[in-house]
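Trainee: Have a look at the structure that comes next, please.
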Amino acid sequence: PVEIKVSGTTLKLLELNSDWDEEKFRELRIALSRLINPVSPITDFLMEIQLPKELKNFSGLITAPESLNKPDYYIKGNVDAVGKPNVKYFSKKTGKEEPLEIKESDFILREPVRKPAVGPFSFEFRAWNREDESLQKIAGETGATIKSIKRDLDELGGISIYRDNFRVLPYGEQKNDWLRLDLRRVNNPTLRLSNNQIVGYVSVSLDENSDLKDQSNREGIVESQAFTDLKEIIKNILNQVEQKRYEERPRESDEAKSQQSLFNNFSIAPVAQLVQTKLPNDKEANELVAKTEVAIQQGVKKIQEVLSRYRRLSTLGLLIDVILHDGNNFLATIDSEVHLLSKEVIKKDSDLNAVKEHINNINEGRKVIAQLFKRIEPFGGRKRGRPKDIIIEEAVSNVFSLYKNELAKLNISYNLPTSQNQVRIDDGELQMIFVNLIQNSMYWLETVTSERKIEVLIEKSGDELSVIFSDSGPGIKEEHHQIIFDPYFSTRTDGVGLGLTIVGELVTEYDGDFTLIDNGPLNGASFKITFRRRI
């Protein structure tokens with residue numbers, strides 16, 4: 001066993017003014033453990049608590065929980081003075097650590113594009129999936145419980161900063177989400193990691209990072225360009241883990257099926273059958289039940305349509321929150337009334353008035369959900385009009401005109417087709433398609449120092465008309481070719497991952513195709529949109 005050297009420091013707490021229970025001692029151990037780098041501790045810096053035998057469970061050396069040595073993923077390495085990363089990545093799925101190649105465009109600092117003001121630093125970030133199935137494996141290896149592992153991640157999760165091996169407070173403290181990781185996850189829960197899924201550290205030296213100055217109260221680092229760049233680089237590193245983690249996800253997503261399953265239980269068909277059986281001669285009750293069932297199904301269908309429509313918009317989170325909050329209240333009322341109605345109907349001496357009252361309550365709930373749809377209607381973003389004949393070359397030119405100043409500011413030139421071809425489509429939807437493609441290209445073209453260019457071509461073949469949209473940006477990694485169109489997958493550090501999904505859905509609605517192609521006119525990313533319903 002390791003012994004504390006006699007040359008260390010001893011603190012004794014005597015004659016305490018208040019009682020200390022087990023929770024306070026546990027909090028003390030957690031507070032002390034935060035002084036030790038949980039990933040790369042200093043071997044000759046040890047702490048020990050000595051308590052009466054009644055509290056022996058809290059005595060002993062301060063160490064990080066064993067579960068923190070069993071991450072599902074980790075990325076570690078260093079970033080040099082010019083911002084170039086040298087990293088290694090580990091995944092429990094592959095079981096091996098390997099170098100991770102990172103394209104320069106994936107690691108560039110922007111707003112504005114710049115070289116980092118922060119000096120070199122080293123890091124290691126460990127990440128966990130918090131699903132019970134994943135944590136159960138760790139529990140089996142460490143003897144811990146799923147509950148205790150989650151508690152350890154809640155209490156020790158986050159990224160700490162160490163300067164010359166000394167902890168810089170308050171970074172990495174519980175609930176100190178200084179990188180705003182939880183906000184990133186709220187915006188994209190499918191891809192992003194939250195603060196309590198990560199335990200890690202950043203190690204800097206004072207000599208090489210003199211711009212990372214302490215605040216006057218010694219509680220944190222002064223906000224500066226160096227500190228901003230440090231935060232951006234850390235998020236760029238985490239973005240690499242998040243992308244790799246997404247790549248390893250099982251490729252099974254049947255969105256329509258999952259959406260349908262949400263609403264499978266919202267039917268009173270069994271009650272309708274029961275009413276018909278128990279009260280076969282009550283025409284009024286049977287008609288009321290039948291009408292109520294139709295109204296509920298219409299309401300559910302409307303919700304499904306709204307969910308399908310609004311998941312394409314950047315306001316998705318807000319809209320879903322509104323629907324879930326008010327919609328769930330309505331559905332809870334339905335559940336309650338259906339339960340009471342079922343109990344009433346199976347009675348031998350069913351009270352017809354009670355049956356009618358429950359059915360009326362269900363109808364009142366239907367009115368509530370009708371008001372919900374009226375309230376969210378202004379958020380629609382678009383009201384789909386009738387498709388009309390549009391000269392697609394003119395529509396493309398008009399969208400590029402909207403971004404004329406931004407394109408010029410980024411020194412992006414573009415070449416557009418001058419032919420005249422018609423497509424039958426809603427004008428607003430066609431505009432939305434090209435707005436997303438232009439915005440995407442501008443983002444990535446900003447990362448290249450060579451010629452920045454966008455080229456749009458029109459091709460015709462029989463009854464098909466295709467648009468090739470190509471740029472001279474960094475292109476798309478081969479391993480992302482199959483997932484780039486997935487909702488919420490994004491290679492941007494703070495991307496939501498809906499742009500290409502929106503384009504794909506809009507094109508599909510017109511019986512078209514939206515694909516990534518390899519043989520575009522420029523050497524960056526090239527997309528092909530094929531329309532079939534045209535004049």
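Residue numbering restarts at 1 for every chain of the structure tokens, chains are lettered A, B, ... in their displayed order, and ligands are numbered from 1 as they appear.
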Per DSSP on the backbone, what are the strand (DSSP E) residues of segment 100-179 of chain A, as a PyMOL selection string?

Mentor: chain A and resi 121-127+158-163+166-168

Trainee: Find the residues around segment 114-128 of chain A up to 9 Å (only C-alpha atoms counted), leave out those fewer than 5 positions away in its own chain, and share them as a ChimeraX atom specification.

Mentor: /A:39-40,68-83,108-109,134-135,153,159,193,196-205,208-212,225-230,233-234,237-238,241

Trainee: Output N, CA and C atoms for every residue in that selection, as a short mmCIF file (atom, residue, chain, number, x, y, z; two decimals), in the first residue's frame.

Mentor:
```cif
data_model
loop_
_atom_site.label_atom_id
_atom_site.label_comp_id
_atom_site.auth_asym_id
_atom_site.auth_seq_id
_atom_site.Cartn_x
_atom_site.Cartn_y
_atom_site.Cartn_z
N VAL A 39 -7.59 11.90 -14.85
CA VAL A 39 -7.12 11.13 -16.00
C VAL A 39 -5.63 10.84 -15.91
N SER A 40 -4.88 11.84 -15.50
CA SER A 40 -3.42 11.69 -15.44
C SER A 40 -2.90 12.24 -14.11
N LEU A 68 -14.02 5.51 -13.90
CA LEU A 68 -13.46 6.55 -14.77
C LEU A 68 -12.29 6.02 -15.61
N ASN A 69 -11.84 4.82 -15.31
CA ASN A 69 -10.80 4.18 -16.12
C ASN A 69 -11.39 3.26 -17.19
N LYS A 70 -12.72 3.30 -17.34
CA LYS A 70 -13.39 2.41 -18.29
C LYS A 70 -14.27 3.22 -19.26
N PRO A 71 -13.70 4.18 -19.97
CA PRO A 71 -14.53 4.98 -20.88
C PRO A 71 -14.93 4.18 -22.13
N ASP A 72 -16.01 4.61 -22.76
CA ASP A 72 -16.40 4.01 -24.04
C ASP A 72 -15.53 4.56 -25.17
N TYR A 73 -15.05 5.80 -25.00
CA TYR A 73 -14.19 6.44 -26.00
C TYR A 73 -13.22 7.35 -25.27
N TYR A 74 -12.07 7.58 -25.88
CA TYR A 74 -11.24 8.69 -25.41
C TYR A 74 -10.42 9.23 -26.58
N ILE A 75 -10.06 10.47 -26.44
CA ILE A 75 -9.17 11.11 -27.41
C ILE A 75 -8.13 11.86 -26.60
N LYS A 76 -6.86 11.72 -26.97
CA LYS A 76 -5.80 12.35 -26.20
C LYS A 76 -4.67 12.76 -27.13
N GLY A 77 -3.86 13.67 -26.67
CA GLY A 77 -2.74 14.13 -27.47
C GLY A 77 -2.37 15.55 -27.12
N ASN A 78 -1.96 16.30 -28.13
CA ASN A 78 -1.55 17.68 -27.89
C ASN A 78 -1.85 18.53 -29.12
N VAL A 79 -1.88 19.82 -28.91
CA VAL A 79 -2.06 20.80 -29.97
C VAL A 79 -0.86 21.73 -29.91
N ASP A 80 -0.19 21.92 -31.05
CA ASP A 80 1.03 22.73 -31.02
C ASP A 80 0.72 24.22 -31.09
N ALA A 81 1.75 25.04 -31.15
CA ALA A 81 1.60 26.48 -31.07
C ALA A 81 0.85 27.09 -32.25
N VAL A 82 0.79 26.39 -33.39
CA VAL A 82 0.06 26.92 -34.55
C VAL A 82 -1.31 26.26 -34.70
N GLY A 83 -1.72 25.49 -33.66
CA GLY A 83 -3.05 24.90 -33.67
C GLY A 83 -3.15 23.56 -34.36
N ILE A 108 -10.03 24.46 -38.15
CA ILE A 108 -9.74 25.87 -38.32
C ILE A 108 -10.57 26.71 -37.36
N LEU A 109 -10.00 27.81 -36.89
CA LEU A 109 -10.73 28.74 -36.04
C LEU A 109 -11.35 29.81 -36.92
N SER A 134 -24.87 0.12 -21.64
CA SER A 134 -23.44 0.38 -21.71
C SER A 134 -22.82 0.43 -20.32
N LEU A 135 -23.51 1.09 -19.38
CA LEU A 135 -22.98 1.21 -18.02
C LEU A 135 -22.98 -0.12 -17.29
N LEU A 153 -20.25 10.23 -12.66
CA LEU A 153 -20.16 11.09 -13.84
C LEU A 153 -20.83 12.43 -13.60
N ILE A 159 -14.63 19.15 -17.94
CA ILE A 159 -13.23 19.27 -18.35
C ILE A 159 -12.52 20.27 -17.45
N LEU A 193 -22.20 15.39 -27.13
CA LEU A 193 -21.97 14.87 -25.79
C LEU A 193 -22.28 15.96 -24.76
N ASN A 196 -21.93 15.86 -18.49
CA ASN A 196 -21.81 14.71 -17.58
C ASN A 196 -21.57 13.39 -18.32
N GLN A 197 -21.14 13.49 -19.58
CA GLN A 197 -20.68 12.29 -20.30
C GLN A 197 -19.17 12.32 -20.51
N ILE A 198 -18.53 13.39 -20.04
CA ILE A 198 -17.10 13.60 -20.32
C ILE A 198 -16.35 13.86 -19.03
N VAL A 199 -15.21 13.23 -18.88
CA VAL A 199 -14.26 13.57 -17.83
C VAL A 199 -12.91 13.77 -18.51
N GLY A 200 -12.34 14.94 -18.34
CA GLY A 200 -11.09 15.20 -19.03
C GLY A 200 -10.32 16.36 -18.46
N TYR A 201 -9.20 16.62 -19.08
CA TYR A 201 -8.35 17.71 -18.60
C TYR A 201 -7.64 18.36 -19.78
N VAL A 202 -7.27 19.60 -19.56
CA VAL A 202 -6.38 20.33 -20.46
C VAL A 202 -5.20 20.78 -19.61
N SER A 203 -4.00 20.53 -20.09
CA SER A 203 -2.80 20.88 -19.33
C SER A 203 -2.01 21.93 -20.09
N VAL A 204 -1.83 23.10 -19.47
CA VAL A 204 -1.09 24.20 -20.09
C VAL A 204 0.07 24.59 -19.18
N SER A 205 1.01 25.31 -19.77
CA SER A 205 2.12 25.83 -18.98
C SER A 205 2.07 27.36 -19.01
N GLU A 208 4.36 29.03 -21.84
CA GLU A 208 3.93 28.97 -23.24
C GLU A 208 2.51 29.50 -23.45
N ASN A 209 1.85 29.86 -22.36
CA ASN A 209 0.47 30.38 -22.45
C ASN A 209 0.31 31.59 -21.54
N SER A 210 1.18 32.56 -21.72
CA SER A 210 1.18 33.74 -20.85
C SER A 210 -0.08 34.58 -21.02
N ASP A 211 -0.81 34.42 -22.14
CA ASP A 211 -2.03 35.20 -22.35
C ASP A 211 -3.23 34.63 -21.59
N LEU A 212 -3.09 33.45 -21.03
CA LEU A 212 -4.15 32.89 -20.20
C LEU A 212 -3.94 33.40 -18.77
N GLN A 225 -8.76 36.62 -26.26
CA GLN A 225 -8.72 35.86 -27.50
C GLN A 225 -8.08 34.50 -27.28
N ALA A 226 -7.07 34.45 -26.43
CA ALA A 226 -6.39 33.18 -26.15
C ALA A 226 -7.36 32.19 -25.50
N PHE A 227 -8.15 32.68 -24.54
CA PHE A 227 -9.09 31.79 -23.85
C PHE A 227 -10.22 31.37 -24.79
N THR A 228 -10.68 32.30 -25.63
CA THR A 228 -11.71 31.97 -26.63
C THR A 228 -11.20 30.89 -27.58
N ASP A 229 -9.96 31.04 -28.02
CA ASP A 229 -9.39 30.05 -28.95
C ASP A 229 -9.21 28.70 -28.28
N LEU A 230 -8.84 28.70 -27.01
CA LEU A 230 -8.71 27.45 -26.27
C LEU A 230 -10.05 26.71 -26.25
N ILE A 233 -10.87 25.33 -29.78
CA ILE A 233 -10.07 24.16 -30.13
C ILE A 233 -10.56 22.92 -29.38
N ILE A 234 -10.91 23.08 -28.10
CA ILE A 234 -11.43 21.96 -27.33
C ILE A 234 -12.70 21.42 -27.96
N ILE A 237 -11.93 19.41 -30.94
CA ILE A 237 -11.46 18.08 -30.57
C ILE A 237 -12.64 17.17 -30.21
N LEU A 238 -13.56 17.70 -29.41
CA LEU A 238 -14.73 16.92 -29.03
C LEU A 238 -15.59 16.58 -30.25
N VAL A 241 -14.55 13.32 -31.67
CA VAL A 241 -15.05 12.18 -30.92
C VAL A 241 -16.52 11.94 -31.26
#
```

Trainee: Which one is closest to Glu54 of chain A: A:Phe434, A:Lys231, A:Glu22, A:Glu357? Count only C-alpha atoms.

Mentor: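 Counting only C-alpha atoms, the residue closest to Glu54 of chain A is A:Glu22.
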
Trainee: Neighbours of His358 of chain A within 6 Å (only C-alpha atoms; same-chain residues fewer than 3 positions away dropped), as a list in words?

Mentor: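 My list of contacting residues is Glu337, Leu341, Val355 and Asn361 of chain A.
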
Trainee: If I take atom CA of Arg386 of chain A and atom CA of Asp426 of chain A, how far is one from the other in Å, to one decimal?

Mentor: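 Interatomic distance, atom CA of Arg386 of chain A to atom CA of Asp426 of chain A: 6.3 Å.
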
Trainee: Which is closest to Leu437 of chain A among A:Ser526, A:Ser413, A:Asp349, A:Ile458, if we use only C-alpha atoms?

Mentor: A:Ser526

Trainee: Taking the DSSP assignment computed from this structure's backbone, write out as a PyMOL selection string all residues of segment 30-220 of chain A that belong to helix (DSSP H, G or I).

Mentor: chain A and resi 30-33+53-58+66-69+104-106+132-142+146-156+181-187+195-197
